[in-house]
Amino acid sequence: MSATDRETYDELYRSAPAVWSGRPNRQLVEEAAGLPAGTALDAGAGEGGDALWLAERGWRVTAVDFSPVALERAAAAARARGLADRVEWVHADLEQWAPPAGSFDLVTAHYLHASWSDRDEVFRRLAAAVAPGGSLLVVGHLLGGHGQHHAHDPGVLYTAEDVAAALDPDEWSDVVTEVRERDPGAAERTGNPVPDTVLRARRASRAR
């Protein structure tokens with residue numbers, strides 16, 4: 001990821017006391033609400049809404065983002081909510097940072113829109129971080145048909161099928177790729193009604 005990408009996001013976070021709502025993403029709630037609490041990796045954590053939601057439900061979370069401005073804000077929110085001991089905030093660029101393999105019961109990533117030189121390798125590293133029997137959840141904005149509503153360069157977008165193609169089929173089961181309607185509240189706040197492209201998968205307990 002370029003220095004320009006990082007600077008752009010830092011400027012975005014400095015532009016307001018809170019850029020996002022602070023609430024968890026809809027697809028995370030739908031997929032993780034029924035999971036037993038364990039260890040989680042929140043890749044691209046931003047201001048920490050997802051990480052804090054997981055922590056409140058008993059998860060121990062490693063939350064990674066390349067914006068120190070966002071992470072400082074997220075850490076302050078964790079302290080205010082009595083969750084500082086449940087979340088580790090990691091300042092790192094996912095293009096260069098390798099999470100520990102097989103270490104997390106849940107790896108979740110929402111809207112990782114960045115100009116990486118090898119996006120498939122980033123997804124492979126995130127998938128490798130899932131423990132046997134654990135879950136992977138990757139969500140993005142749907143490619144195509146977004147017209148004037150989408151502020152992102154189409155080159156930084158991806159589909160659930162793109163993520164699935166990076167997974168070793170011998171290591172994964174229950175691989176589902178879907179298009180889902182975006183949270184209406186988020187669509188209204190951001191002016192972006194583009195549906196979500198969602199991959200969810202479970203890592204096999206042992207290679208098949």
# chains A, B, ... in the order shown; residues from 1 in each chain; ligands from 1
$ closest_atom_pairs --of "stretch 83-120 of chain A" --to "stretch 155-176 of chain A" --cutoff "12 Å" --atoms "only C-alpha atoms" --output "tab-separated table"
residue	atom	partner	partner_atom	distance
A:Gly102	CA	A:Glu171	CA	11.7
A:Ala109	CA	A:Val163	CA	11.2
A:His110	CA	A:Tyr158	CA	11.4
A:Tyr111	CA	A:Leu157	CA	8.4
A:Leu112	CA	A:Leu157	CA	8.1
A:His113	CA	A:Val156	CA	5.1
A:Ala114	CA	A:Val156	CA	5.3
A:Ser115	CA	A:Val156	CA	5.5
A:Trp116	CA	A:Val156	CA	8.0
A:Ser117	CA	A:Val156	CA	10.5
A:Asp118	CA	A:Val156	CA	11.3
A:Arg119	CA	A:Val156	CA	9.2
A:Asp120	CA	A:Ala166	CA	5.9
$ residues_around --residues "stretch 76-80 of chain A" --least-positions-apart "5" --cutoff "9 Å" --atoms "only C-alpha atoms" --output "PyMOL selection string"
chain A and resi 47-48+52+55+71+85-87
$ select_by_dssp --residues "stretch 63-190 of chain A" --states "helix (DSSP H, G or I)" --output "mmCIF file with N, CA and C atoms, in the first residue's frame"
data_model
loop_
_atom_site.group_PDB
_atom_site.id
_atom_site.type_symbol
_atom_site.label_atom_id
_atom_site.label_comp_id
_atom_site.auth_asym_id
_atom_site.auth_seq_id
_atom_site.Cartn_x
_atom_site.Cartn_y
_atom_site.Cartn_z
ATOM 1 N N PRO A 68 -2.727 5.212 12.375
ATOM 2 C CA PRO A 68 -2.559 5.434 13.816
ATOM 3 C C PRO A 68 -3.646 6.327 14.393
ATOM 4 N N VAL A 69 -4.192 7.215 13.562
ATOM 5 C CA VAL A 69 -5.267 8.092 14.039
ATOM 6 C C VAL A 69 -6.485 7.260 14.414
ATOM 7 N N ALA A 70 -6.872 6.330 13.548
ATOM 8 C CA ALA A 70 -8.021 5.467 13.828
ATOM 9 C C ALA A 70 -7.768 4.587 15.039
ATOM 10 N N LEU A 71 -6.569 4.023 15.142
ATOM 11 C CA LEU A 71 -6.269 3.121 16.252
ATOM 12 C C LEU A 71 -6.267 3.846 17.597
ATOM 13 N N GLU A 72 -5.755 5.065 17.630
ATOM 14 C CA GLU A 72 -5.784 5.835 18.877
ATOM 15 C C GLU A 72 -7.222 6.093 19.318
ATOM 16 N N ARG A 73 -8.074 6.379 18.351
ATOM 17 C CA ARG A 73 -9.490 6.614 18.659
ATOM 18 C C ARG A 73 -10.145 5.333 19.159
ATOM 19 N N ALA A 74 -9.834 4.214 18.515
ATOM 20 C CA ALA A 74 -10.413 2.932 18.907
ATOM 21 C C ALA A 74 -9.949 2.526 20.303
ATOM 22 N N ALA A 75 -8.663 2.722 20.585
ATOM 23 C CA ALA A 75 -8.133 2.361 21.896
ATOM 24 C C ALA A 75 -8.769 3.205 22.998
ATOM 25 N N ALA A 76 -9.020 4.471 22.713
ATOM 26 C CA ALA A 76 -9.683 5.330 23.699
ATOM 27 C C ALA A 76 -11.095 4.833 23.974
ATOM 28 N N ALA A 77 -11.795 4.404 22.929
ATOM 29 C CA ALA A 77 -13.147 3.862 23.105
ATOM 30 C C ALA A 77 -13.112 2.581 23.924
ATOM 31 N N ALA A 78 -12.092 1.742 23.693
ATOM 32 C CA ALA A 78 -11.965 0.504 24.464
ATOM 33 C C ALA A 78 -11.765 0.807 25.947
ATOM 34 N N ARG A 79 -10.914 1.791 26.245
ATOM 35 C CA ARG A 79 -10.689 2.159 27.648
ATOM 36 C C ARG A 79 -11.974 2.677 28.279
ATOM 37 N N ALA A 80 -12.704 3.492 27.554
ATOM 38 C CA ALA A 80 -13.934 4.077 28.086
ATOM 39 C C ALA A 80 -14.989 3.012 28.369
ATOM 40 N N ALA A 84 -10.159 -2.511 27.547
ATOM 41 C CA ALA A 84 -8.763 -2.346 27.141
ATOM 42 C C ALA A 84 -7.977 -3.651 27.224
ATOM 43 N N ASP A 85 -8.341 -4.524 28.166
ATOM 44 C CA ASP A 85 -7.584 -5.763 28.338
ATOM 45 C C ASP A 85 -8.036 -6.864 27.386
ATOM 46 N N ARG A 86 -9.048 -6.586 26.580
ATOM 47 C CA ARG A 86 -9.576 -7.615 25.677
ATOM 48 C C ARG A 86 -9.195 -7.374 24.220
ATOM 49 N N ARG A 119 -3.131 -8.536 -3.875
ATOM 50 C CA ARG A 119 -4.279 -8.658 -2.976
ATOM 51 C C ARG A 119 -4.552 -10.120 -2.621
ATOM 52 N N ASP A 120 -4.364 -11.042 -3.585
ATOM 53 C CA ASP A 120 -4.600 -12.457 -3.298
ATOM 54 C C ASP A 120 -3.700 -12.946 -2.169
ATOM 55 N N GLU A 121 -2.461 -12.473 -2.142
ATOM 56 C CA GLU A 121 -1.546 -12.889 -1.085
ATOM 57 C C GLU A 121 -2.011 -12.372 0.271
ATOM 58 N N VAL A 122 -2.574 -11.173 0.311
ATOM 59 C CA VAL A 122 -3.123 -10.657 1.564
ATOM 60 C C VAL A 122 -4.246 -11.563 2.049
ATOM 61 N N PHE A 123 -5.146 -11.950 1.148
ATOM 62 C CA PHE A 123 -6.245 -12.835 1.536
ATOM 63 C C PHE A 123 -5.730 -14.204 1.971
ATOM 64 N N ARG A 124 -4.704 -14.714 1.292
ATOM 65 C CA ARG A 124 -4.148 -16.014 1.690
ATOM 66 C C ARG A 124 -3.558 -15.952 3.096
ATOM 67 N N ARG A 125 -2.882 -14.861 3.424
ATOM 68 C CA ARG A 125 -2.308 -14.732 4.772
ATOM 69 C C ARG A 125 -3.409 -14.636 5.825
ATOM 70 N N LEU A 126 -4.462 -13.890 5.526
ATOM 71 C CA LEU A 126 -5.573 -13.811 6.473
ATOM 72 C C LEU A 126 -6.216 -15.177 6.657
ATOM 73 N N ALA A 127 -6.401 -15.914 5.561
ATOM 74 C CA ALA A 127 -6.992 -17.249 5.659
ATOM 75 C C ALA A 127 -6.101 -18.183 6.474
ATOM 76 N N ALA A 128 -4.799 -18.075 6.280
ATOM 77 C CA ALA A 128 -3.869 -18.939 7.004
ATOM 78 C C ALA A 128 -3.888 -18.673 8.504
ATOM 79 N N GLY A 147 -22.329 2.989 -10.006
ATOM 80 C CA GLY A 147 -22.511 4.314 -10.592
ATOM 81 C C GLY A 147 -21.994 5.418 -9.697
ATOM 82 N N GLN A 148 -22.781 6.457 -9.569
ATOM 83 C CA GLN A 148 -22.346 7.639 -8.842
ATOM 84 C C GLN A 148 -22.329 7.429 -7.329
ATOM 85 N N HIS A 149 -22.914 6.331 -6.863
ATOM 86 C CA HIS A 149 -22.979 6.126 -5.416
ATOM 87 C C HIS A 149 -21.660 5.663 -4.829
ATOM 88 N N PRO A 154 -12.824 1.486 -8.814
ATOM 89 C CA PRO A 154 -13.176 0.075 -9.000
ATOM 90 C C PRO A 154 -11.984 -0.858 -8.900
ATOM 91 N N GLY A 155 -10.785 -0.351 -9.140
ATOM 92 C CA GLY A 155 -9.600 -1.189 -9.067
ATOM 93 C C GLY A 155 -9.270 -1.685 -7.676
ATOM 94 N N VAL A 156 -9.831 -1.077 -6.637
ATOM 95 C CA VAL A 156 -9.544 -1.522 -5.277
ATOM 96 C C VAL A 156 -10.640 -2.452 -4.747
ATOM 97 N N ALA A 160 -16.584 -11.683 -3.471
ATOM 98 C CA ALA A 160 -16.425 -12.847 -2.608
ATOM 99 C C ALA A 160 -15.781 -13.994 -3.363
ATOM 100 N N GLU A 161 -16.086 -14.101 -4.654
ATOM 101 C CA GLU A 161 -15.488 -15.161 -5.466
ATOM 102 C C GLU A 161 -13.982 -14.972 -5.616
ATOM 103 N N ASP A 162 -13.528 -13.724 -5.672
ATOM 104 C CA ASP A 162 -12.089 -13.463 -5.715
ATOM 105 C C ASP A 162 -11.413 -14.009 -4.457
ATOM 106 N N VAL A 163 -12.036 -13.794 -3.316
ATOM 107 C CA VAL A 163 -11.470 -14.273 -2.066
ATOM 108 C C VAL A 163 -11.485 -15.796 -2.029
ATOM 109 N N ALA A 164 -12.601 -16.391 -2.452
ATOM 110 C CA ALA A 164 -12.712 -17.851 -2.452
ATOM 111 C C ALA A 164 -11.638 -18.495 -3.317
ATOM 112 N N ALA A 165 -11.291 -17.839 -4.420
ATOM 113 C CA ALA A 165 -10.278 -18.392 -5.325
ATOM 114 C C ALA A 165 -8.905 -18.463 -4.680
ATOM 115 N N PRO A 184 -29.326 -0.849 6.001
ATOM 116 C CA PRO A 184 -29.977 0.403 5.582
ATOM 117 C C PRO A 184 -29.456 1.627 6.318
ATOM 118 N N GLY A 185 -29.151 1.473 7.603
ATOM 119 C CA GLY A 185 -28.627 2.611 8.352
ATOM 120 C C GLY A 185 -27.291 3.065 7.819
ATOM 121 N N ALA A 186 -26.411 2.106 7.493
ATOM 122 C CA ALA A 186 -25.101 2.455 6.936
ATOM 123 C C ALA A 186 -25.260 3.076 5.557
ATOM 124 N N ALA A 187 -26.175 2.540 4.769
ATOM 125 C CA ALA A 187 -26.407 3.104 3.436
ATOM 126 C C ALA A 187 -26.865 4.553 3.526
ATOM 127 N N GLU A 188 -27.729 4.841 4.496
ATOM 128 C CA GLU A 188 -28.231 6.214 4.649
ATOM 129 C C GLU A 188 -27.135 7.155 5.142
ATOM 130 N N ARG A 189 -26.338 6.695 6.109
ATOM 131 C CA ARG A 189 -25.287 7.558 6.672
ATOM 132 C C ARG A 189 -24.227 7.897 5.634
ATOM 133 N N THR A 190 -23.862 6.914 4.815
ATOM 134 C CA THR A 190 -22.758 7.104 3.883
ATOM 135 C C THR A 190 -23.196 7.525 2.496
#
$ residues_around --residues "A:Asp65" --least-positions-apart "6" --cutoff "10 Å" --atoms "only C-alpha atoms" --output "ChimeraX atom specification"
/A:6,42-48,71,89-94
$ write_last_selection --atoms "C-alpha atoms" --output "compact mmCIF listing (two decimals), in the first residue's frame"
# COMPACT_ATOMS: atom_id res chain seq x y z
CA ARG A 6 -2.19 5.83 4.36
CA ASP A 42 -10.15 -7.84 12.92
CA ALA A 43 -8.22 -6.90 9.77
CA GLY A 44 -8.67 -3.25 8.82
CA ALA A 45 -10.22 -2.36 12.16
CA GLY A 46 -10.59 1.38 11.59
CA GLU A 47 -12.19 3.06 14.61
CA GLY A 48 -12.83 -0.31 16.21
CA LEU A 71 -6.27 3.12 16.25
CA TRP A 89 -4.36 -2.75 18.76
CA VAL A 90 -1.72 -3.36 16.09
CA HIS A 91 -0.47 -0.58 13.80
CA ALA A 92 0.48 -2.40 10.58
CA ASP A 93 -0.06 -2.49 6.83
CA LEU A 94 -1.80 -5.73 5.87
$ closest_residue --among "A:Asn25, A:Thr62, A:Ser67, A:Thr197" --to "A:Ser103" --atoms "only C-alpha atoms"
A:Thr62
